[in-house]
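K.L.:
Here you go, this is final_13.txt (compact mmCIF, C-alpha atoms).
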# COMPACT_ATOMS: atom_id res chain seq x y z
CA MET A 1 -23.27 7.90 -3.19
CA PRO A 2 -19.54 7.08 -2.92
CA TYR A 3 -18.26 4.22 -5.06
CA VAL A 4 -14.76 2.89 -4.34
CA ASN A 5 -13.03 0.38 -6.61
CA ILE A 6 -10.01 -1.40 -5.14
CA GLN A 7 -7.89 -3.45 -7.52
CA VAL A 8 -5.41 -5.93 -6.09
CA THR A 9 -3.48 -8.88 -7.41
CA ALA A 10 -5.02 -12.27 -6.70
CA GLY A 11 -4.49 -13.92 -3.34
CA VAL A 12 -6.28 -11.61 -0.91
CA THR A 13 -8.17 -13.48 1.79
CA ARG A 14 -11.84 -12.98 2.59
CA GLU A 15 -10.81 -11.57 5.98
CA GLN A 16 -8.50 -9.03 4.31
CA LYS A 17 -11.28 -8.00 1.92
CA ALA A 18 -13.70 -7.55 4.81
CA ALA A 19 -11.15 -5.39 6.63
CA LEU A 20 -10.63 -3.23 3.53
CA VAL A 21 -14.38 -2.71 3.07
CA ARG A 22 -14.79 -1.85 6.76
CA ASP A 23 -11.82 0.54 6.83
CA VAL A 24 -12.75 2.35 3.60
CA THR A 25 -16.35 2.70 4.75
CA ASP A 26 -15.28 3.99 8.18
CA SER A 27 -12.98 6.52 6.53
CA LEU A 28 -15.70 7.89 4.25
CA VAL A 29 -18.11 8.13 7.17
CA ARG A 30 -15.52 9.90 9.33
CA GLU A 31 -13.93 12.19 6.75
CA LEU A 32 -16.85 12.99 4.46
CA GLY A 33 -19.85 12.45 6.71
CA LYS A 34 -21.34 9.85 4.37
CA GLN A 35 -23.90 7.29 5.50
CA PRO A 36 -22.55 3.71 5.48
CA GLU A 37 -25.59 2.42 3.59
CA HIS A 38 -24.75 4.78 0.71
CA ILE A 39 -21.16 3.56 0.31
CA HIS A 40 -20.26 0.91 -2.25
CA VAL A 41 -16.85 -0.79 -2.20
CA VAL A 42 -15.85 -3.18 -4.98
CA ILE A 43 -12.71 -5.30 -4.76
CA GLN A 44 -11.37 -6.70 -8.01
CA GLU A 45 -8.72 -9.39 -7.91
CA ILE A 46 -6.50 -9.27 -10.98
CA PRO A 47 -4.45 -12.36 -11.90
CA LEU A 48 -0.70 -11.75 -11.71
CA GLU A 49 -0.40 -12.42 -15.43
CA ASP A 50 -2.88 -9.59 -16.13
CA TRP A 51 -1.06 -6.94 -14.08
CA GLY A 52 2.07 -5.18 -15.30
CA TYR A 53 4.81 -3.79 -13.08
CA ALA A 54 8.21 -2.34 -13.95
CA GLY A 55 7.78 -3.25 -17.60
CA LEU A 56 6.93 -6.89 -16.91
CA LEU A 57 3.87 -8.95 -16.13
CA THR A 58 3.79 -9.24 -12.36
CA ASP A 59 4.15 -13.05 -12.33
CA GLU A 60 7.32 -12.70 -14.41
CA TRP A 61 8.62 -9.84 -12.23
CA LEU A 62 8.11 -11.92 -9.08
CA ALA A 63 9.80 -14.96 -10.66
CA ARG A 64 12.82 -12.86 -11.64
CA ARG A 65 13.02 -11.31 -8.18
CA GLU A 66 12.91 -14.75 -6.57
CA ARG A 67 15.48 -16.13 -9.01
CA ASP A 68 17.81 -13.16 -8.41
CA GLY A 69 17.60 -13.48 -4.64
CA GLY A 70 14.90 -11.07 -3.70
Can I see the file as structure tokens?
P.N.:
Amino acid sequence: MPYVNIQVTAGVTREQKAALVRDVTDSLVRELGKQPEHIHVVIQEIPLEDWGYAGLLTDEWLARRERDGG
């Protein structure tokens, strides 16, 4: 029984989540021959302040990038 955990920063729409679940499921069916009803996909939204990137919390990294012109 495949279990897929997708972690993303907050702000993903319901439509985007549905597309991810559909695409991941389709890929496992196609590539591994798994049955869709045996596939579990979990999407976890992580607040920007709880995700680190390039040595900074992501909210701080984005603020610096915006402040410095992108």
K.L.:
Could you please determine the separation between CA of Thr58 in chain A and CA of Asn5 in chain A in Å, to one decimal place?
P.N.:
20.2 Å
K.L.:
To one decimal place, how far is CA of His40 in chain A from CA of Val12 in chain A in Å?
P.N.:
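Spanning CA of His40 in chain A to CA of Val12 in chain A is a straight-line distance of 18.8 Å.
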K.L.:
With 6 Å on each side, where is the centre of the axis-aligned box around all listed atoms of range 42-58 of chain A, and how long are its edges in Å to one decimal, as AutoDock Vina command-line options?
P.N.:
--center_x -3.8 --center_y -7.4 --center_z -11.2 --size_x 36.1 --size_y 22.1 --size_z 24.8
K.L.:
Return the single residue from A:Val42, A:Asp26, A:Glu15, A:Glu31 that is closest to Tyr3 in chain A, with distances computed using only C-alpha atoms.
P.N.:
A:Val42
K.L.:
I need the residue nearest Glu60 in chain A from this list: A:Val4, A:Leu20, A:Leu48, A:Ile43. Use only C-alpha atoms for the distance.
P.N.:
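Nearest candidate to Glu60 in chain A out of A:Val4, A:Leu20, A:Leu48, A:Ile43: A:Leu48.
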K.L.:
Near Val29 in chain A, counting all atoms listed in the file, which residues have an atom at most 9 Å away, once you skip same-chain residues fewer than 6 positions from it, shown as a PyMOL selection string?
P.N.:
chain A and resi 35-36+39
